[in-house]
$ cat my_file_37.txt   # compact mmCIF, C-alpha atoms and all ligand atoms
# COMPACT_ATOMS: atom_id res chain seq x y z
CA MET Y 1 89.69 117.06 127.08
CA GLY Y 2 91.42 119.99 125.30
CA GLN Y 3 95.14 120.33 124.58
CA ASP Y 4 95.45 122.99 127.30
CA ASP Y 5 94.19 120.41 129.84
CA VAL Y 6 96.86 117.95 128.68
CA TRP Y 7 99.73 120.48 128.64
CA ASN Y 8 99.08 121.66 132.20
CA THR Y 9 101.42 122.90 134.95
CA GLU Y 10 102.32 119.40 136.13
CA VAL Y 11 103.19 118.13 132.65
CA ALA Y 12 105.06 121.34 131.82
CA GLY Y 13 107.05 121.05 135.04
CA ARG Y 14 108.47 117.66 134.11
CA TYR Y 15 108.68 118.10 130.31
CA ASP Y 16 112.36 119.02 130.18
CA THR Y 17 114.85 116.19 130.57
CA PRO Y 18 118.16 117.96 129.88
CA GLY Y 19 120.63 115.77 128.02
CA VAL Y 20 118.40 112.68 127.78
CA GLY Y 21 115.43 111.44 125.73
CA MET Y 22 114.20 114.10 123.31
CA PHE Y 23 116.76 116.49 124.84
CA ALA Y 24 119.73 114.19 124.10
CA PRO Y 25 122.45 115.72 121.90
CA GLU Y 26 122.09 112.85 119.41
CA VAL Y 27 118.40 113.77 118.96
CA LEU Y 28 118.72 117.56 119.01
CA GLY Y 29 122.01 117.86 117.09
CA PRO Y 30 120.79 116.57 113.69
CA THR Y 31 117.45 118.38 114.16
CA LEU Y 32 119.18 121.72 114.69
CA ASP Y 33 121.70 121.14 111.87
CA ARG Y 34 118.87 120.54 109.40
CA LEU Y 35 116.74 123.46 110.65
CA VAL Y 36 119.69 125.87 110.32
CA GLU Y 37 120.13 124.66 106.73
CA LEU Y 38 116.41 124.97 105.93
CA ALA Y 39 116.18 128.48 107.46
CA ASP Y 40 118.60 129.48 104.69
CA GLY Y 41 119.83 132.61 106.47
CA GLY Y 42 116.32 133.87 107.35
CA ALA Y 43 114.05 133.83 110.41
CA ALA Y 44 112.17 130.78 111.72
CA LEU Y 45 108.75 130.34 113.32
CA GLU Y 46 108.10 127.29 115.51
CA PHE Y 47 104.48 126.21 115.76
CA ALA Y 48 103.81 124.72 119.25
CA ILE Y 49 107.22 125.77 120.60
CA GLY Y 50 106.50 124.26 124.03
CA THR Y 51 109.28 124.82 126.57
CA GLY Y 52 111.74 125.75 123.81
CA ARG Y 53 113.46 122.36 123.50
CA VAL Y 54 114.30 123.15 119.85
CA GLY Y 55 113.57 126.88 119.57
CA ILE Y 56 116.03 128.05 122.25
CA PRO Y 57 119.10 126.17 120.94
CA LEU Y 58 118.17 127.13 117.38
CA ALA Y 59 118.17 130.81 118.42
CA GLU Y 60 121.55 130.20 120.11
CA ARG Y 61 122.83 129.02 116.74
CA GLY Y 62 122.03 132.44 115.28
CA VAL Y 63 118.63 131.79 113.66
CA PRO Y 64 116.06 134.38 114.83
CA VAL Y 65 113.22 132.23 116.28
CA THR Y 66 109.64 133.22 117.09
CA GLY Y 67 107.10 130.79 118.55
CA ILE Y 68 103.37 130.18 118.74
CA GLU Y 69 102.21 128.14 121.74
CA LEU Y 70 98.79 127.30 123.20
CA SER Y 71 99.74 126.34 126.75
CA GLU Y 72 100.58 129.03 129.31
CA PRO Y 73 102.36 126.55 131.63
CA MET Y 74 104.60 125.33 128.76
CA LEU Y 75 105.35 128.94 127.82
CA ALA Y 76 106.18 129.76 131.46
CA ARG Y 77 108.83 127.00 131.40
CA LEU Y 78 110.29 128.49 128.21
CA ARG Y 79 110.35 131.94 129.82
CA ALA Y 80 112.41 130.57 132.72
CA LYS Y 81 115.14 129.89 130.12
CA ALA Y 82 114.76 132.64 127.49
CA ASP Y 83 113.23 136.12 127.64
CA ALA Y 84 110.80 137.64 125.13
CA ALA Y 85 113.56 139.60 123.38
CA THR Y 86 115.53 136.38 122.74
CA VAL Y 87 112.58 134.15 121.72
CA PRO Y 88 109.30 136.06 121.22
CA VAL Y 89 106.22 133.84 121.54
CA VAL Y 90 102.57 134.49 120.66
CA LEU Y 91 100.15 132.68 122.98
CA GLY Y 92 97.58 131.10 120.68
CA ASP Y 93 96.51 128.29 118.38
CA MET Y 94 98.97 127.38 115.62
CA ALA Y 95 96.06 126.84 113.20
CA THR Y 96 94.89 130.44 113.49
CA ALA Y 97 97.29 132.71 115.45
CA THR Y 98 99.47 135.27 113.70
CA ALA Y 99 103.07 136.02 114.65
CA PRO Y 100 104.57 139.33 113.51
CA GLY Y 101 107.24 139.16 110.80
CA GLU Y 102 108.00 137.18 107.67
CA PHE Y 103 109.79 133.86 107.87
CA SER Y 104 111.91 131.69 105.60
CA LEU Y 105 111.07 128.63 107.72
CA VAL Y 106 108.06 127.43 109.71
CA TYR Y 107 108.60 124.16 111.57
CA LEU Y 108 106.35 121.80 113.55
CA VAL Y 109 108.15 118.90 115.18
CA TYR Y 110 107.66 115.94 117.52
CA ASN Y 111 104.33 114.74 116.01
CA THR Y 112 102.54 117.92 117.04
CA ILE Y 113 100.40 118.39 113.90
CA SER Y 114 98.49 115.37 115.28
CA ASN Y 115 97.51 117.42 118.37
CA LEU Y 116 95.00 119.15 116.08
CA LEU Y 117 92.10 116.72 116.29
CA THR Y 118 90.22 117.42 113.05
CA GLN Y 119 91.19 117.39 109.39
CA ALA Y 120 89.87 120.96 109.03
CA GLU Y 121 92.20 122.25 111.79
CA GLN Y 122 95.19 120.43 110.30
CA VAL Y 123 94.47 122.02 106.89
CA GLU Y 124 94.17 125.42 108.59
CA CYS Y 125 97.57 124.83 110.19
CA PHE Y 126 99.11 124.30 106.74
CA ARG Y 127 97.39 127.47 105.50
CA ASN Y 128 98.67 129.40 108.53
CA ALA Y 129 102.23 128.23 107.85
CA PHE Y 130 101.87 129.35 104.23
CA ARG Y 131 100.65 132.82 105.31
CA HIS Y 132 103.75 133.31 107.50
CA LEU Y 133 106.28 132.34 104.83
CA ARG Y 134 108.07 134.50 102.32
CA PRO Y 135 107.89 133.24 98.73
CA GLY Y 136 110.26 130.27 98.46
CA GLY Y 137 110.05 129.63 102.21
CA ARG Y 138 109.68 126.17 103.72
CA PHE Y 139 107.32 124.38 106.12
CA VAL Y 140 108.88 121.30 107.73
CA LEU Y 141 107.04 118.73 109.82
CA GLU Y 142 108.26 115.74 111.84
CA LEU Y 143 105.58 113.09 112.27
CA GLY Y 144 105.23 109.40 113.10
CA VAL Y 145 103.72 106.98 110.59
CA PRO Y 146 100.50 105.46 112.04
CA GLU Y 147 101.23 101.89 113.18
CA LEU Y 148 98.06 100.43 111.70
CA ARG Y 149 99.94 97.50 110.15
CA LYS Y 150 100.56 96.27 113.72
CA LEU Y 151 96.82 95.99 114.42
CA PRO Y 152 95.38 92.55 113.67
CA PRO Y 153 91.59 92.40 113.18
CA GLY Y 154 89.78 92.88 116.49
CA GLN Y 155 92.70 94.60 118.26
CA ASP Y 156 92.88 98.33 118.89
CA ALA Y 157 96.07 98.79 120.94
CA VAL Y 158 99.79 98.85 120.09
CA VAL Y 159 102.46 98.84 122.79
CA PHE Y 160 105.26 101.19 121.72
CA ALA Y 161 107.44 100.99 124.85
CA HIS Y 162 107.69 98.51 127.70
CA THR Y 163 110.67 99.05 129.94
CA GLU Y 164 111.47 98.90 133.65
CA GLY Y 165 109.10 101.38 135.30
CA TYR Y 166 107.39 102.57 132.09
CA THR Y 167 104.74 101.24 129.71
CA GLY Y 168 103.46 103.20 126.75
CA TYR Y 169 100.75 102.16 124.31
CA ASP Y 170 98.46 103.72 121.72
CA THR Y 171 94.77 102.90 121.28
CA TYR Y 172 93.36 103.47 117.80
CA ASP Y 173 89.90 104.50 116.63
CA VAL Y 174 90.29 103.81 112.92
CA VAL Y 175 86.83 105.13 112.05
CA ALA Y 176 87.38 108.55 113.64
CA GLN Y 177 91.09 108.47 112.64
CA ARG Y 178 92.09 109.22 116.23
CA LEU Y 179 94.52 107.70 118.66
CA THR Y 180 95.16 108.10 122.35
CA SER Y 181 98.66 107.59 123.77
CA HIS Y 182 98.76 106.17 127.30
CA HIS Y 183 101.94 106.58 129.36
CA TYR Y 184 102.14 104.62 132.66
CA ARG Y 185 105.15 105.47 134.79
CA GLU Y 186 105.96 103.75 138.09
CA LEU Y 187 106.87 106.46 140.62
CA ALA Y 188 107.36 104.09 143.57
CA PRO Y 189 106.52 100.40 144.08
CA GLY Y 190 102.75 100.14 143.50
CA GLU Y 191 102.37 103.83 142.68
CA HIS Y 192 101.80 104.75 139.03
CA ARG Y 193 101.18 107.97 137.17
CA LEU Y 194 99.10 107.92 133.97
CA LEU Y 195 99.34 110.58 131.27
CA ARG Y 196 97.10 110.46 128.20
CA SER Y 197 97.40 112.54 125.04
CA HIS Y 198 94.95 112.69 122.14
CA HIS Y 199 95.82 112.80 118.46
CA ARG Y 200 94.41 112.68 114.95
CA PHE Y 201 96.78 110.40 113.04
CA LEU Y 202 97.48 110.97 109.36
CA TRP Y 203 99.44 109.35 106.56
CA PRO Y 204 102.14 111.16 104.61
CA ALA Y 205 99.82 111.11 101.58
CA GLU Y 206 97.06 112.98 103.44
CA MET Y 207 99.63 115.48 104.66
CA ASP Y 208 100.81 116.03 101.07
CA LEU Y 209 97.22 116.77 100.06
CA MET Y 210 96.95 119.30 102.90
CA GLY Y 211 100.13 120.86 101.55
CA LEU Y 212 98.63 121.09 98.06
CA VAL Y 213 95.38 122.57 99.39
CA ALA Y 214 97.41 125.28 101.15
CA GLY Y 215 99.52 126.04 98.04
CA PHE Y 216 102.74 124.14 98.86
CA THR Y 217 104.75 121.63 96.87
CA LEU Y 218 106.52 118.72 98.58
CA GLU Y 219 110.27 119.33 98.34
CA SER Y 220 111.65 116.32 100.24
CA ARG Y 221 110.75 113.51 102.62
CA HIS Y 222 113.29 111.62 104.73
CA ALA Y 223 113.07 109.12 107.56
CA ASP Y 224 114.96 111.40 109.95
CA TRP Y 225 116.71 114.75 110.30
CA ALA Y 226 120.02 113.36 109.06
CA GLY Y 227 118.51 112.50 105.67
CA ALA Y 228 118.04 108.69 105.84
CA ALA Y 229 115.86 107.30 103.05
CA PHE Y 230 112.14 107.08 103.83
CA THR Y 231 110.96 103.49 103.28
CA ALA Y 232 107.87 101.35 103.89
CA ASP Y 233 109.30 100.47 107.32
CA SER Y 234 110.22 103.99 108.47
CA PRO Y 235 108.49 104.74 111.79
CA SER Y 236 108.44 108.49 111.15
CA HIS Y 237 109.26 111.12 108.58
CA VAL Y 238 110.60 114.63 108.16
CA SER Y 239 108.73 116.29 105.29
CA VAL Y 240 109.64 119.63 103.74
CA TYR Y 241 107.05 121.70 101.84
CA ARG Y 242 107.92 124.78 99.84
CA ARG Y 243 105.93 127.91 99.11
CA PRO Y 244 106.49 128.64 95.42
CA ASP Y 245 108.67 131.67 94.57
C1 LIG P 301 105.02 117.36 122.24
S1 LIG P 301 105.01 119.05 122.74
C2 LIG P 301 106.20 119.71 121.60
C3 LIG P 301 106.86 120.96 122.11
C4 LIG P 301 108.09 121.40 121.31
N1 LIG P 301 107.76 121.70 119.93
C5 LIG P 301 109.14 120.30 121.36
O1 LIG P 301 109.52 119.80 120.30
O2 LIG P 301 109.60 119.97 122.46
C6 LIG P 301 103.46 119.61 122.08
C7 LIG P 301 103.20 121.09 122.29
O3 LIG P 301 102.15 121.50 121.41
C8 LIG P 301 101.37 122.47 122.06
N2 LIG P 301 100.09 122.56 121.34
C9 LIG P 301 99.13 121.61 121.25
N3 LIG P 301 98.13 122.05 120.44
C10 LIG P 301 98.48 123.30 120.04
C11 LIG P 301 97.87 124.27 119.21
N4 LIG P 301 96.68 124.03 118.61
N5 LIG P 301 98.50 125.44 118.99
C12 LIG P 301 99.70 125.70 119.57
N6 LIG P 301 100.33 124.82 120.39
C13 LIG P 301 99.74 123.63 120.61
C14 LIG P 301 101.30 121.95 123.49
O4 LIG P 301 100.86 122.93 124.38
C15 LIG P 301 102.73 121.50 123.69
O5 LIG P 301 103.53 122.56 124.16

$ encode --input "my_file_37.txt" --output "structure tokens" --more "lines below"
Ligand SMILES: C[S@@+](CC[C@H](N)C(=O)[O-])C[C@H]1O[C@@H](n2cnc3c(N)ncnc32)[C@H](O)[C@@H]1O
Amino acid sequence: MGQDDVWNTEVAGRYDTPGVGMFAPEVLGPTLDRLVELADGGAALEFAIGTGRVGIPLAERGVPVTGIELSEPMLARLRAKADAATVPVVLGDMATATAPGEFSLVYLVYNTISNLLTQAEQVECFRNAFRHLRPGGRFVLELGVPELRKLPPGQDAVVFAHTEGYTGYDTYDVVAQRLTSHHYRELAPGEHRLLRSHHRFLWPAEMDLMGLVAGFTLESRHADWAGAAFTADSPSHVSVYRRPD
């Protein structure tokens, strides 16, 4: 199943949850603050911009934002909120597509590098970010740390959420370095909806090597957008790579 099958009209139609979850001000606020700082007065390019959760409010803060996005239904949702003059978007693959212009910031958030299912595509994504950046520009990624330490021998699943009406768990294939996220939501008593997404998980160290291969140096790594220290127990990281001057 390809990414464009996953990010279909139904999923796009219920992606936005204004004010809650990933759209909550306490999630978006620190993300936007940090992206404004990293853009450093220049233009930004969002890889996999989706429905514009981050790109639209970043543009509203005065940063010129362009996007690259694979899914037409996700882009249609963005277009219902912002026109092409406000947030131009190229329909295409973030590993290979070209957006016009030169950028001081390329960003790829919400674990989306892992939507590229091979190491070669992930490396190409780093190279594509590098090509779009002016000298001294930055590529920032937000990514979860694989939860392999939670897998005892013989077990391949980790439950990451179990609340009233919703169960989410990941199944790992540690040989192929892949995981599938399963989201079960109860719509009505006895009626459930299942959404699956497919990922290639990667450690920060492998990501750093991809950065080096593409020509970047690692500038910083934090546990979150507000700058908390990254530790052995951090569930995710925000990593900033810099194209040399
Ligand atoms: C989790 S959503 C993130 C959307 C947005 N960045 C956000 O933070 O809300 C993942 C997005 O990645 C897009 N996507 C997946 N693979 C892609 C690829 N190879 N190139 C461009 N977009 C891709 C999907 O269509 C979807 O819109």

$ atom_distance --input "my_file_37.txt" --atom1 "atom CA of Y:Val123" --atom2 "atom CA of Y:Ala214"
7.2 Å

$ closest_atom_pairs --input "my_file_37.txt" --of "chain Y" --to "ligand LIG 301 (chain P)" --cutoff "7 Å" --atoms "only C-alpha atoms and all ligand atoms" --output "CSV"
residue,atom,partner,partner_atom,distance
Y:Gln3,CA,P:LIG301,C9,5.4
Y:Asp4,CA,P:LIG301,O4,6.1
Y:Trp7,CA,P:LIG301,O4,5.0
Y:Phe47,CA,P:LIG301,C12,6.1
Y:Ala48,CA,P:LIG301,N6,3.7
Y:Ile49,CA,P:LIG301,N1,4.2
Y:Gly50,CA,P:LIG301,O5,3.4
Y:Thr51,CA,P:LIG301,O2,6.4
Y:Gly52,CA,P:LIG301,C4,6.2
Y:Arg53,CA,P:LIG301,O2,4.7
Y:Val54,CA,P:LIG301,O1,5.9
Y:Ile68,CA,P:LIG301,C12,5.9
Y:Glu69,CA,P:LIG301,N6,4.0
Y:Leu70,CA,P:LIG301,N6,4.1
Y:Ser71,CA,P:LIG301,O4,4.3
Y:Met74,CA,P:LIG301,O5,5.5
Y:Gly92,CA,P:LIG301,C12,5.9
Y:Asp93,CA,P:LIG301,N5,3.5
Y:Met94,CA,P:LIG301,N5,3.9
Y:Ala95,CA,P:LIG301,N4,6.1
Y:Leu108,CA,P:LIG301,N1,6.5
Y:Val109,CA,P:LIG301,O1,5.4
Y:Tyr110,CA,P:LIG301,O1,5.1
Y:Asn111,CA,P:LIG301,C1,6.8
Y:Thr112,CA,P:LIG301,C6,5.4
Y:Asn115,CA,P:LIG301,N3,5.1
Y:Leu116,CA,P:LIG301,N4,5.7

$ closest_residue --input "my_file_37.txt" --among "Y:His198, Y:His222, Y:His162, Y:Arg138" --to "Y:Pro244" --atoms "only C-alpha atoms"
Y:Arg138

$ residues_near_point --input "my_file_37.txt" --point "(110.1, 114.3, 102.1)" --cutoff "6 Å" --atoms "only C-alpha atoms" --output "compact mmCIF listing (two decimals) with C-alpha atoms, in the frame of the given file"
# COMPACT_ATOMS: atom_id res chain seq x y z
CA SER Y 220 111.65 116.32 100.24
CA ARG Y 221 110.75 113.51 102.62
CA HIS Y 222 113.29 111.62 104.73
CA SER Y 239 108.73 116.29 105.29
CA VAL Y 240 109.64 119.63 103.74

$ residues_around --input "my_file_37.txt" --residues "stretch 176-185 of chain Y" --least-positions-apart "2" --cutoff "8 Å" --atoms "all atoms listed in the file" --output "list in words"
Leu117, Gly165, Tyr166, Thr167, Gly168, Tyr169, Asp170, Thr171, Tyr172, Asp173, Val174, Leu187, His192, Arg193, Leu194, Leu195, Arg196, Ser197, His198, His199, Arg200, Phe201 and Leu202 of chain Y

$ residues_around --input "my_file_37.txt" --residues "stretch 31-46 of chain Y" --least-positions-apart "5" --cutoff "6 Å" --atoms "all atoms listed in the file" --output "list in words"
Val63, Pro64, Val65, Thr66, Gly67, Phe103, Ser104, Leu105, Val106, Tyr107 and Trp225 of chain Y

$ write_last_selection --input "my_file_37.txt" --atoms "C-alpha atoms" --output "JSON list (two decimals), keeping the file's coordinate frame"
[["chain", "number", "residue", "atom", "x", "y", "z"],
["Y", 63, "VAL", "CA", 118.63, 131.79, 113.66],
["Y", 64, "PRO", "CA", 116.06, 134.38, 114.83],
["Y", 65, "VAL", "CA", 113.22, 132.23, 116.28],
["Y", 66, "THR", "CA", 109.64, 133.22, 117.09],
["Y", 67, "GLY", "CA", 107.10, 130.79, 118.55],
["Y", 103, "PHE", "CA", 109.79, 133.86, 107.87],
["Y", 104, "SER", "CA", 111.91, 131.69, 105.60],
["Y", 105, "LEU", "CA", 111.07, 128.63, 107.72],
["Y", 106, "VAL", "CA", 108.06, 127.43, 109.71],
["Y", 107, "TYR", "CA", 108.60, 124.16, 111.57],
["Y", 225, "TRP", "CA", 116.71, 114.75, 110.30]]
